[in-house]
$ cat structure_4.cif   # mmCIF, C-alpha atoms and all ligand atoms
data_my_file
loop_
_atom_site.label_atom_id
_atom_site.label_comp_id
_atom_site.auth_asym_id
_atom_site.auth_seq_id
_atom_site.Cartn_x
_atom_site.Cartn_y
_atom_site.Cartn_z
CA MET A 453 188.48 116.34 60.15
CA PRO A 454 190.71 117.85 57.47
CA GLU A 455 193.55 115.68 56.21
CA PHE A 456 196.64 116.04 58.45
CA GLN A 457 199.11 118.57 57.13
CA PRO A 458 202.66 117.92 58.34
CA PHE A 459 204.89 120.85 59.29
CA THR A 460 207.09 120.28 56.26
CA MET A 461 210.03 122.49 57.21
CA GLU A 462 210.35 121.02 60.71
CA ARG A 463 209.97 117.50 59.25
CA MET A 464 212.85 118.14 56.89
CA MET A 465 215.02 119.71 59.60
CA SER A 466 214.38 117.07 62.25
CA LYS A 467 215.16 114.27 59.81
CA PHE A 468 218.44 115.65 58.50
CA GLU A 469 219.90 118.42 60.71
CA GLN A 470 221.87 116.03 62.95
CA ASP A 471 223.45 114.15 60.05
CA VAL A 472 224.80 116.78 57.67
CA GLU A 473 228.33 118.16 57.91
CA TYR A 474 227.13 121.76 57.59
CA ASN A 475 223.74 122.70 59.00
CA LEU A 476 222.85 126.11 57.60
CA SER A 477 219.12 125.57 58.07
CA GLU A 478 218.75 126.93 61.62
CA SER A 479 217.34 130.40 62.13
CA GLY A 480 219.07 131.06 65.45
CA VAL A 481 222.77 131.60 66.15
CA HIS A 482 225.41 129.10 67.26
CA PRO A 483 224.04 127.78 70.62
CA VAL A 484 225.26 128.82 74.07
CA SER A 485 226.96 126.10 76.17
CA LEU A 486 225.91 125.45 79.77
CA ALA A 487 229.35 126.62 80.94
CA GLU A 488 228.91 129.88 79.00
CA LEU A 489 225.48 130.44 80.53
CA LEU A 490 226.81 129.92 84.06
CA ALA A 491 230.04 131.88 83.49
CA ASP A 492 229.14 134.95 85.58
CA ASP A 493 228.85 133.18 88.93
CA PRO A 494 230.99 130.15 89.91
CA GLU A 495 228.54 129.28 92.73
CA GLU A 496 225.61 128.89 90.34
CA MET A 497 226.52 125.31 89.44
CA ASN A 498 226.40 124.24 93.10
CA ARG A 499 223.00 125.84 93.55
CA LEU A 500 221.74 124.00 90.48
CA LEU A 501 223.08 120.68 91.80
CA ALA A 502 220.77 121.04 94.80
CA THR A 503 217.71 121.37 92.56
CA GLU A 504 215.00 118.83 93.27
CA LEU A 505 213.86 117.48 89.93
CA ASN A 506 210.23 117.96 90.81
CA TYR A 507 207.48 119.45 88.65
CA PRO A 508 208.01 123.19 88.68
CA HIS A 509 205.09 125.63 88.91
CA VAL A 510 203.12 124.38 85.93
CA ASN A 511 202.73 127.91 84.53
CA GLY A 512 206.44 128.69 85.09
CA ILE A 513 208.45 129.46 88.26
CA PRO A 514 207.68 132.93 89.66
CA GLU A 515 211.19 134.30 89.07
CA LEU A 516 211.04 133.34 85.40
CA ARG A 517 207.58 134.79 84.89
CA GLU A 518 208.76 138.02 86.50
CA ASN A 519 211.77 138.22 84.20
CA ILE A 520 209.60 137.56 81.15
CA ALA A 521 207.00 140.15 82.23
CA ALA A 522 209.80 142.72 82.52
CA LEU A 523 210.35 142.42 78.74
CA TYR A 524 206.88 143.82 77.99
CA ASP A 525 205.67 147.32 78.95
CA GLY A 526 202.90 147.07 81.51
CA ALA A 527 203.06 143.26 81.92
CA VAL A 528 203.11 141.49 85.30
CA PRO A 529 203.63 137.76 86.02
CA GLU A 530 199.86 137.11 85.73
CA ASN A 531 200.20 138.01 82.06
CA VAL A 532 202.75 135.23 81.49
CA LEU A 533 202.60 131.48 80.86
CA VAL A 534 205.87 129.57 80.42
CA THR A 535 205.69 126.92 77.69
CA VAL A 536 207.90 124.35 75.98
CA GLY A 537 209.28 126.69 73.32
CA ALA A 538 207.39 129.21 71.24
CA ALA A 539 206.17 126.17 69.32
CA GLU A 540 203.90 125.19 72.21
CA ALA A 541 203.03 128.84 72.88
CA ASN A 542 201.83 129.34 69.29
CA TYR A 543 199.97 126.05 69.30
CA ILE A 544 197.98 126.51 72.49
CA THR A 545 197.31 130.19 71.78
CA THR A 546 195.87 129.40 68.35
CA ARG A 547 193.78 126.57 69.81
CA THR A 548 192.56 128.87 72.60
CA LEU A 549 191.54 131.76 70.38
CA LEU A 550 190.00 129.86 67.45
CA SER A 551 187.29 127.26 66.93
CA ALA A 552 186.65 125.26 63.75
CA GLU A 553 185.45 127.44 60.85
CA ASP A 554 186.83 130.63 62.45
CA GLU A 555 188.73 132.92 60.11
CA ILE A 556 192.42 133.69 60.53
CA VAL A 557 194.47 136.13 58.45
CA ILE A 558 198.18 135.23 58.34
CA MET A 559 201.21 137.28 57.35
CA LEU A 560 203.14 135.52 54.57
CA PRO A 561 205.88 134.49 54.12
CA ASN A 562 206.04 133.08 57.63
CA TYR A 563 207.32 130.26 59.79
CA MET A 564 204.45 128.06 58.69
CA GLN A 565 203.46 126.62 62.06
CA ILE A 566 200.29 128.65 62.56
CA TRP A 567 199.34 128.18 58.91
CA GLY A 568 199.61 124.39 59.37
CA ILE A 569 197.69 124.42 62.66
CA ALA A 570 194.96 126.40 60.95
CA LYS A 571 194.75 123.89 58.09
CA ASN A 572 194.72 120.93 60.49
CA HIS A 573 191.90 122.30 62.61
CA GLY A 574 189.63 123.53 59.88
CA TYR A 575 190.07 127.28 60.34
CA ARG A 576 189.43 129.47 57.31
CA VAL A 577 192.80 130.83 56.22
CA LYS A 578 193.44 134.12 54.44
CA ALA A 579 196.76 135.84 53.90
CA PHE A 580 198.43 139.20 53.53
CA HIS A 581 201.95 139.47 52.16
CA LEU A 582 205.27 141.07 52.76
CA ARG A 583 206.32 142.35 49.32
CA GLU A 584 209.86 141.72 48.14
CA GLU A 585 209.63 144.56 45.63
CA ASN A 586 208.99 146.82 48.61
CA SER A 587 211.89 145.56 50.77
CA TRP A 588 209.48 143.07 52.36
CA ALA A 589 207.18 145.79 53.72
CA PRO A 590 203.68 144.50 54.52
CA ASP A 591 200.91 145.06 52.00
CA LEU A 592 198.56 146.90 54.32
CA ASP A 593 195.88 147.40 51.66
CA GLU A 594 195.77 143.65 51.17
CA LEU A 595 195.46 143.22 54.96
CA ASP A 596 192.67 145.76 55.14
CA GLN A 597 190.74 143.95 52.42
CA ALA A 598 191.35 140.48 53.85
CA VAL A 599 190.11 141.34 57.34
CA THR A 600 186.33 141.28 57.66
CA ALA A 601 183.80 141.03 60.47
CA LYS A 602 184.38 137.27 60.31
CA THR A 603 188.10 137.55 61.11
CA ARG A 604 188.87 136.31 64.59
CA LEU A 605 192.67 136.37 64.55
CA ILE A 606 195.50 138.10 62.67
CA ALA A 607 198.81 136.22 62.98
CA VAL A 608 202.07 138.08 62.44
CA CYS A 609 205.71 137.17 62.83
CA ASN A 610 207.87 140.16 63.72
CA PRO A 611 210.83 140.32 63.18
CA ASN A 612 209.87 138.06 60.34
CA ASN A 613 211.03 134.54 59.55
CA PRO A 614 212.18 134.07 56.77
CA THR A 615 212.80 137.63 55.51
CA GLY A 616 214.35 139.21 58.63
CA ARG A 617 212.13 142.24 58.09
CA ILE A 618 211.18 144.38 61.13
CA LEU A 619 207.87 146.24 60.97
CA THR A 620 207.99 149.98 61.59
CA GLU A 621 205.96 151.48 64.44
CA ALA A 622 203.59 152.95 61.84
CA GLN A 623 203.08 149.54 60.20
CA MET A 624 202.46 147.91 63.59
CA ASN A 625 199.92 150.56 64.47
CA ALA A 626 198.22 150.13 61.10
CA ILE A 627 197.90 146.38 61.73
CA VAL A 628 196.44 147.10 65.17
CA ALA A 629 193.96 149.56 63.63
CA VAL A 630 192.75 146.91 61.18
CA ALA A 631 192.33 144.38 64.03
CA GLU A 632 190.52 146.94 66.16
CA ARG A 633 188.13 147.76 63.32
CA VAL A 634 186.62 144.25 63.60
CA GLY A 635 187.62 143.31 67.17
CA ALA A 636 190.02 140.59 66.00
CA TRP A 637 192.86 139.21 68.13
CA ILE A 638 196.49 139.65 67.14
CA LEU A 639 198.91 136.78 67.71
CA ALA A 640 202.40 138.23 67.43
CA ASP A 641 205.20 135.67 67.22
CA GLU A 642 208.18 137.74 68.36
CA VAL A 643 210.89 135.09 68.82
CA TYR A 644 213.46 137.17 66.89
CA ARG A 645 212.96 140.25 69.08
CA GLY A 646 216.45 141.02 70.43
CA ALA A 647 218.24 139.51 67.41
CA GLU A 648 218.55 142.80 65.51
CA ARG A 649 221.45 143.17 63.09
CA LEU A 650 221.65 146.86 62.39
CA ASN A 651 221.46 148.68 65.71
CA GLY A 652 221.03 148.26 69.46
CA ALA A 653 217.32 149.08 69.49
CA GLU A 654 215.15 146.12 70.41
CA SER A 655 212.19 145.62 68.08
CA PRO A 656 209.05 146.83 69.83
CA SER A 657 206.37 144.35 70.87
CA PHE A 658 202.75 144.34 69.78
CA TYR A 659 201.92 143.73 73.44
CA GLY A 660 200.36 146.78 75.07
CA ARG A 661 199.17 148.41 71.81
CA TYR A 662 195.69 146.94 72.00
CA ASP A 663 193.82 144.84 74.56
CA LYS A 664 193.44 141.81 72.28
CA VAL A 665 197.10 141.00 71.71
CA VAL A 666 198.89 137.78 72.61
CA ALA A 667 202.65 137.87 72.10
CA THR A 668 204.75 134.72 72.01
CA GLY A 669 208.49 134.47 72.46
CA SER A 670 211.25 132.08 73.46
CA LEU A 671 214.91 131.62 74.36
CA SER A 672 215.65 129.79 71.13
CA LYS A 673 216.68 132.58 68.79
CA ALA A 674 217.66 135.91 70.38
CA TYR A 675 219.24 134.14 73.38
CA GLY A 676 220.95 131.20 71.64
CA LEU A 677 219.32 128.64 73.96
CA PRO A 678 217.03 126.46 71.79
CA GLY A 679 217.91 123.33 73.78
CA LEU A 680 216.34 124.69 76.95
CA ARG A 681 212.98 124.48 75.19
CA ILE A 682 211.57 127.50 76.99
CA GLY A 683 209.01 129.80 75.45
CA TRP A 684 206.13 131.90 76.64
CA VAL A 685 202.71 133.41 76.07
CA VAL A 686 202.07 137.02 77.17
CA GLY A 687 198.51 138.31 77.09
CA PRO A 688 195.48 139.32 79.15
CA PRO A 689 195.29 137.23 82.39
CA ASP A 690 192.02 135.46 81.44
CA THR A 691 193.36 134.47 78.03
CA VAL A 692 196.67 133.35 79.52
CA ASP A 693 194.71 131.23 82.00
CA ASP A 694 192.81 129.66 79.08
CA THR A 695 196.10 128.82 77.34
CA TRP A 696 197.40 127.38 80.64
CA ALA A 697 194.41 125.01 80.66
CA ARG A 698 195.55 123.69 77.25
CA HIS A 699 199.20 123.56 78.38
CA GLU A 700 198.18 121.03 81.06
CA TYR A 701 196.92 118.70 78.33
CA VAL A 702 199.93 119.06 76.06
CA THR A 703 203.05 119.18 78.25
CA ILE A 704 201.92 119.93 81.86
CA SER A 705 205.04 122.06 82.22
CA ALA A 706 208.54 122.74 80.98
CA THR A 707 211.23 121.09 83.13
CA MET A 708 212.37 122.40 86.53
CA LEU A 709 215.98 122.76 85.36
CA ALA A 710 214.98 124.60 82.22
CA ASN A 711 212.81 126.98 84.28
CA LYS A 712 215.75 127.78 86.55
CA LEU A 713 218.28 128.20 83.74
CA ALA A 714 215.81 130.36 81.82
CA ALA A 715 215.26 132.60 84.85
CA LEU A 716 219.02 133.04 85.01
CA ALA A 717 219.29 133.74 81.27
CA LEU A 718 216.64 136.46 81.51
CA SER A 719 218.03 138.02 84.70
CA PRO A 720 219.21 141.63 84.37
CA GLU A 721 222.78 140.42 84.99
CA VAL A 722 222.94 137.77 82.25
CA ARG A 723 220.41 138.82 79.61
CA PRO A 724 222.42 141.74 78.10
CA ARG A 725 225.41 139.43 77.62
CA LEU A 726 223.32 136.83 75.75
CA ILE A 727 221.65 139.43 73.52
CA GLN A 728 225.03 140.95 72.70
CA ARG A 729 226.43 137.51 71.89
CA THR A 730 223.57 136.84 69.46
CA ARG A 731 224.02 140.19 67.76
CA ASP A 732 227.78 139.61 67.53
CA TYR A 733 227.22 136.32 65.72
CA ILE A 734 224.72 137.96 63.36
CA ARG A 735 226.95 140.99 62.72
CA ARG A 736 230.11 138.95 62.19
CA GLY A 737 228.41 136.37 60.00
CA TYR A 738 226.59 138.80 57.73
CA PRO A 739 229.66 140.31 55.98
CA VAL A 740 230.85 136.77 55.18
CA LEU A 741 227.50 135.99 53.61
CA GLN A 742 227.47 139.32 51.79
CA GLU A 743 230.92 138.73 50.27
CA TRP A 744 229.80 135.28 49.15
CA MET A 745 226.64 136.82 47.65
CA ASP A 746 228.76 139.41 45.81
CA ASN A 747 230.50 136.55 44.00
CA HIS A 748 227.12 135.37 42.72
CA GLU A 749 225.65 138.71 41.66
CA ASP A 750 224.15 137.32 38.48
CA THR A 751 222.45 134.37 40.25
CA LEU A 752 221.51 135.42 43.78
CA HIS A 753 219.54 138.35 45.14
CA LEU A 754 219.01 139.31 48.76
CA THR A 755 217.11 142.12 50.47
CA PRO A 756 219.34 142.50 53.55
CA PRO A 757 217.65 141.15 56.69
CA GLN A 758 217.22 143.63 59.55
CA ALA A 759 217.08 140.91 62.19
CA ALA A 760 217.56 137.16 62.76
CA ALA A 761 220.45 135.02 61.55
CA ILE A 762 218.83 134.11 58.25
CA ALA A 763 218.97 135.33 54.67
CA PHE A 764 216.01 134.70 52.35
CA ILE A 765 217.81 134.53 49.00
CA ARG A 766 216.16 134.55 45.57
CA TYR A 767 218.10 132.59 42.95
CA GLN A 768 218.06 132.46 39.17
CA LEU A 769 218.77 128.83 38.38
CA ASP A 770 216.66 126.42 36.44
CA ILE A 771 215.87 124.15 39.39
CA ASN A 772 213.04 123.96 41.90
CA SER A 773 214.01 124.94 45.47
CA THR A 774 213.26 121.54 47.01
CA ALA A 775 215.28 119.78 44.29
CA PHE A 776 218.12 122.27 44.84
CA THR A 777 218.26 121.78 48.63
CA GLU A 778 217.95 118.00 48.27
CA ARG A 779 220.91 117.90 45.90
CA LEU A 780 222.86 120.12 48.27
CA ARG A 781 222.20 117.75 51.16
CA LYS A 782 222.96 114.57 49.25
CA GLU A 783 225.93 115.77 47.19
CA LYS A 784 227.49 118.30 49.59
CA SER A 785 226.17 117.38 53.06
CA VAL A 786 224.86 120.94 53.57
CA LEU A 787 221.35 121.63 54.86
CA ILE A 788 219.48 124.83 53.96
CA VAL A 789 215.72 125.48 53.68
CA ALA A 790 213.85 125.43 50.39
CA GLY A 791 211.61 128.40 49.58
CA ASP A 792 208.91 125.79 48.87
CA HIS A 793 208.49 125.44 52.64
CA PHE A 794 207.33 129.06 52.68
CA GLY A 795 205.27 128.67 49.51
CA MET A 796 207.94 130.58 47.54
CA ASP A 797 209.88 128.59 44.99
CA HIS A 798 213.20 129.96 43.69
CA PHE A 799 214.12 131.15 47.15
CA VAL A 800 216.30 129.46 49.77
CA ARG A 801 216.79 130.36 53.42
CA VAL A 802 220.40 130.25 54.59
CA SER A 803 221.65 130.86 58.15
CA PHE A 804 224.75 132.91 58.81
CA GLY A 805 224.92 133.38 62.61
CA LEU A 806 227.64 130.77 62.87
CA PRO A 807 231.40 130.62 63.56
CA HIS A 808 233.41 131.56 60.46
CA ASP A 809 235.21 128.20 60.32
CA TYR A 810 231.82 126.53 59.93
CA LEU A 811 229.98 129.12 57.85
CA ILE A 812 232.66 129.63 55.19
CA PRO A 813 233.15 125.97 54.21
CA GLY A 814 229.36 125.52 54.23
CA LEU A 815 228.92 128.45 51.83
CA ASP A 816 231.82 127.15 49.70
CA ARG A 817 229.96 123.90 49.17
CA ILE A 818 226.80 125.75 48.11
CA HIS A 819 229.00 127.66 45.66
CA GLU A 820 230.28 124.36 44.23
CA LEU A 821 226.75 123.15 43.54
CA ILE A 822 225.74 126.48 42.00
CA MET A 823 228.73 126.25 39.65
CA LYS A 824 227.78 122.71 38.72
CA LEU A 825 224.18 123.73 38.02
CA LYS A 826 225.42 126.56 35.82
CA GLY A 827 227.63 124.10 33.96
CA VAL A 828 230.78 125.98 35.03
CA ALA A 829 232.34 123.19 37.09
C1 LIG B 901 208.95 132.35 64.00
C2 LIG B 901 209.19 131.15 64.85
N1 LIG B 901 208.33 130.87 65.83
C3 LIG B 901 208.51 129.80 66.62
C4 LIG B 901 209.57 128.95 66.44
C5 LIG B 901 209.73 127.77 67.35
O1 LIG B 901 210.71 128.10 68.31
P1 LIG B 901 210.95 127.38 69.67
O2 LIG B 901 212.30 126.75 69.57
O3 LIG B 901 210.93 128.49 70.69
O4 LIG B 901 209.87 126.40 69.91
C6 LIG B 901 210.49 129.20 65.42
C7 LIG B 901 211.62 128.28 65.17
O5 LIG B 901 212.31 128.35 64.18
C8 LIG B 901 210.29 130.33 64.60
O6 LIG B 901 211.12 130.63 63.60
#
$ encode --input "structure_4.cif" --output "structure tokens"
Amino acid sequence: MPEFQPFTMERMMSKFEQDVEYNLSESGVHPVSLAELLADDPEEMNRLLATELNYPHVNGIPELRENIAALYDGAVPENVLVTVGAAEANYITTRTLLSAEDEIVIMLPNYMQIWGIAKNHGYRVKAFHLREENSWAPDLDELDQAVTAKTRLIAVCNPNNPTGRILTEAQMNAIVAVAERVGAWILADEVYRGAERLNGAESPSFYGRYDKVVATGSLSKAYGLPGLRIGWVVGPPDTVDDTWARHEYVTISATMLANKLAALALSPEVRPRLIQRTRDYIRRGYPVLQEWMDNHEDTLHLTPPQAAAIAFIRYQLDINSTAFTERLRKEKSVLIVAGDHFGMDHFVRVSFGLPHDYLIPGLDRIHELIMKLKGVA
């Protein structure tokens, strides 16, 4: 067995995110309260109080699977498995599609979960990159060269964490063409779908472009409901059934209450309100971040994110990104993510989908440390 590789970003966040005064490390927006979720219908609370806290359908209650299927062209409930977050969805999908020694090609930079799973289970890992010099567009030549007859899975994250880049239709189709050339699966982590900053168009899914696609998603980012711990796998029924068989080992099911609240969140009545709320946080927070960036023109550089509540900022300071974020946490009680967690030193990931009275003082404290590092303060 390979030596265990911890998920370093999640380790760092779970150890410190509850203790700092300003947590700017999250990639979703300020979370929805239960009262806000139930706001449309005063009777909803009474219906929930009558809920028997039994196991739900282990693969997700039918109403929830229907609402999830409706988000994907051509999908029906048999294409859907409900999981405990996209974290479980990614884990069991990767374990279903790959055996030891199989080759996986991963888009980088990336939320490094699938990369870590691959290392821990002895898969052969290759990469293709989003290029900063090209506004984080994917290097499709590199992908084409990396993918060979041995490649079993191509893992993408779209919209991307940490860059906020959304692939164009042409780029998505090019990725599909490369997968098709060798019959590889595509695992598309699409948790930021719906969290677009620039316009009302929802990022398209990889699902439905090719028969060997599994898309994963969740309520944690675009819906502001990370505490419900609801995610999903969408794919061909046989493959979904195979992931379900792993799900029984790992969690059995998400909770009954979370299933019910998730079905409500994804109902046609409530869903548009939640998506709009997320976009409002992203669109109101971004100008604050941009103004703050403008005051650091000589030190910080950002390719504006197209989606998600995160900015992947390159900095020109003579300090490693882990050392920088550690000092920020210890000296200023602010948590952000070091580029090191994405294999990219001299970057930091900063969230901005937060109320102004929280975001502004958090950014002010980062400013104070930058000034200190530059010897100005
Ligand atoms: C790309 C990506 N996938 C999956 C996850 C895990 O999300 P969840 O809360 O749905 O388990 C995250 C969380 O940050 C993420 O950024």
$ residues_around --input "structure_4.cif" --residues "stretch 564-571 of chain A" --least-positions-apart "3" --cutoff "10 Å" --atoms "all atoms listed in the file" --output "PyMOL selection string"
chain A and resi 454-462+539+542-543+545-547+550-561+574-579+607-608+613-614+639+641+793-795
$ residues_near_ligand --input "structure_4.cif" --ligand "ligand LIG 901 (chain B)" --cutoff "6 Å" --atoms "only C-alpha atoms and all ligand atoms" --output "count of residues only"
13
$ closest_residue --input "structure_4.cif" --among "A:Val800, A:Leu825, A:Ile734, A:Leu754" --to "A:Glu585" --atoms "all atoms listed in the file"
A:Leu754
$ residues_around --input "structure_4.cif" --residues "A:Leu605" --least-positions-apart "3" --cutoff "6 Å" --atoms "all atoms listed in the file" --output "VMD selection string"
chain A and resid 556 636 to 638
$ closest_residue --input "structure_4.cif" --among "A:Gly737, A:Met708, A:Ser719, A:Gly652" --to "A:Asp809" --atoms "all atoms listed in the file"
A:Gly737
$ build_atoms --input "structure_4.cif" --residues "stretch 815-825 of chain A" --atoms "all heavy atoms" --output "tab-separated table (two decimals), in the coordinates of the input"
chain	number	residue	atom	x	y	z
A	815	LEU	N	229.25	127.62	52.99
A	815	LEU	CA	228.92	128.45	51.83
A	815	LEU	C	229.72	128.01	50.60
A	815	LEU	O	229.21	128.01	49.47
A	815	LEU	CB	229.18	129.93	52.13
A	815	LEU	CG	228.26	130.58	53.18
A	815	LEU	CD1	228.73	132.01	53.48
A	815	LEU	CD2	226.79	130.59	52.72
A	816	ASP	N	230.99	127.62	50.83
A	816	ASP	CA	231.82	127.15	49.70
A	816	ASP	C	231.16	125.96	49.00
A	816	ASP	O	231.17	125.85	47.77
A	816	ASP	CB	233.21	126.71	50.20
A	816	ASP	CG	234.11	127.90	50.47
A	816	ASP	OD1	233.74	129.03	50.07
A	816	ASP	OD2	235.17	127.73	51.11
A	817	ARG	N	230.59	125.08	49.79
A	817	ARG	CA	229.96	123.90	49.17
A	817	ARG	C	228.69	124.29	48.40
A	817	ARG	O	228.38	123.68	47.38
A	817	ARG	CB	229.62	122.87	50.25
A	817	ARG	CG	230.88	122.25	50.83
A	817	ARG	CD	230.53	120.99	51.58
A	817	ARG	NE	231.68	120.55	52.35
A	817	ARG	CZ	231.71	119.41	53.04
A	817	ARG	NH1	230.65	118.63	53.05
A	817	ARG	NH2	232.78	119.06	53.72
A	818	ILE	N	227.97	125.29	48.89
A	818	ILE	CA	226.80	125.75	48.11
A	818	ILE	C	227.29	126.33	46.78
A	818	ILE	O	226.72	126.08	45.72
A	818	ILE	CB	225.96	126.79	48.90
A	818	ILE	CG1	225.56	126.26	50.27
A	818	ILE	CG2	224.70	127.18	48.10
A	818	ILE	CD1	224.80	127.27	51.15
A	819	HIS	N	228.39	127.09	46.88
A	819	HIS	CA	229.00	127.66	45.66
A	819	HIS	C	229.33	126.55	44.65
A	819	HIS	O	229.04	126.69	43.45
A	819	HIS	CB	230.27	128.43	46.07
A	819	HIS	CG	231.19	128.75	44.94
A	819	HIS	ND1	230.98	129.82	44.10
A	819	HIS	CD2	232.32	128.12	44.49
A	819	HIS	CE1	231.94	129.85	43.19
A	819	HIS	NE2	232.76	128.83	43.40
A	820	GLU	N	229.90	125.46	45.14
A	820	GLU	CA	230.28	124.36	44.23
A	820	GLU	C	229.05	123.82	43.48
A	820	GLU	O	229.09	123.58	42.27
A	820	GLU	CB	230.92	123.21	45.02
A	820	GLU	CG	232.34	123.51	45.49
A	820	GLU	CD	232.82	122.53	46.55
A	820	GLU	OE1	232.20	121.44	46.72
A	820	GLU	OE2	233.81	122.85	47.23
A	821	LEU	N	227.95	123.67	44.21
A	821	LEU	CA	226.75	123.15	43.54
A	821	LEU	C	226.19	124.17	42.54
A	821	LEU	O	225.76	123.81	41.45
A	821	LEU	CB	225.68	122.74	44.55
A	821	LEU	CG	224.41	122.15	43.92
A	821	LEU	CD1	224.72	120.86	43.16
A	821	LEU	CD2	223.32	121.87	44.96
A	822	ILE	N	226.23	125.44	42.93
A	822	ILE	CA	225.74	126.48	42.00
A	822	ILE	C	226.55	126.43	40.69
A	822	ILE	O	226.00	126.47	39.59
A	822	ILE	CB	225.80	127.89	42.65
A	822	ILE	CG1	224.78	128.00	43.79
A	822	ILE	CG2	225.54	128.99	41.61
A	822	ILE	CD1	224.85	129.31	44.58
A	823	MET	N	227.86	126.31	40.84
A	823	MET	CA	228.73	126.25	39.65
A	823	MET	C	228.37	125.04	38.78
A	823	MET	O	228.32	125.12	37.56
A	823	MET	CB	230.21	126.18	40.07
A	823	MET	CG	230.74	127.46	40.64
A	823	MET	SD	230.66	128.79	39.42
A	823	MET	CE	229.84	130.06	40.28
A	824	LYS	N	228.13	123.92	39.44
A	824	LYS	CA	227.78	122.71	38.72
A	824	LYS	C	226.45	122.91	37.97
A	824	LYS	O	226.32	122.55	36.79
A	824	LYS	CB	227.64	121.57	39.73
A	824	LYS	CG	227.69	120.18	39.17
A	824	LYS	CD	227.90	119.21	40.34
A	824	LYS	CE	227.74	117.79	39.94
A	824	LYS	NZ	227.85	116.90	41.10
A	825	LEU	N	225.48	123.52	38.64
A	825	LEU	CA	224.18	123.73	38.02
A	825	LEU	C	224.28	124.69	36.83
A	825	LEU	O	223.52	124.61	35.88
A	825	LEU	CB	223.17	124.29	39.05
A	825	LEU	CG	222.72	123.28	40.12
A	825	LEU	CD1	222.01	124.00	41.27
A	825	LEU	CD2	221.80	122.23	39.51
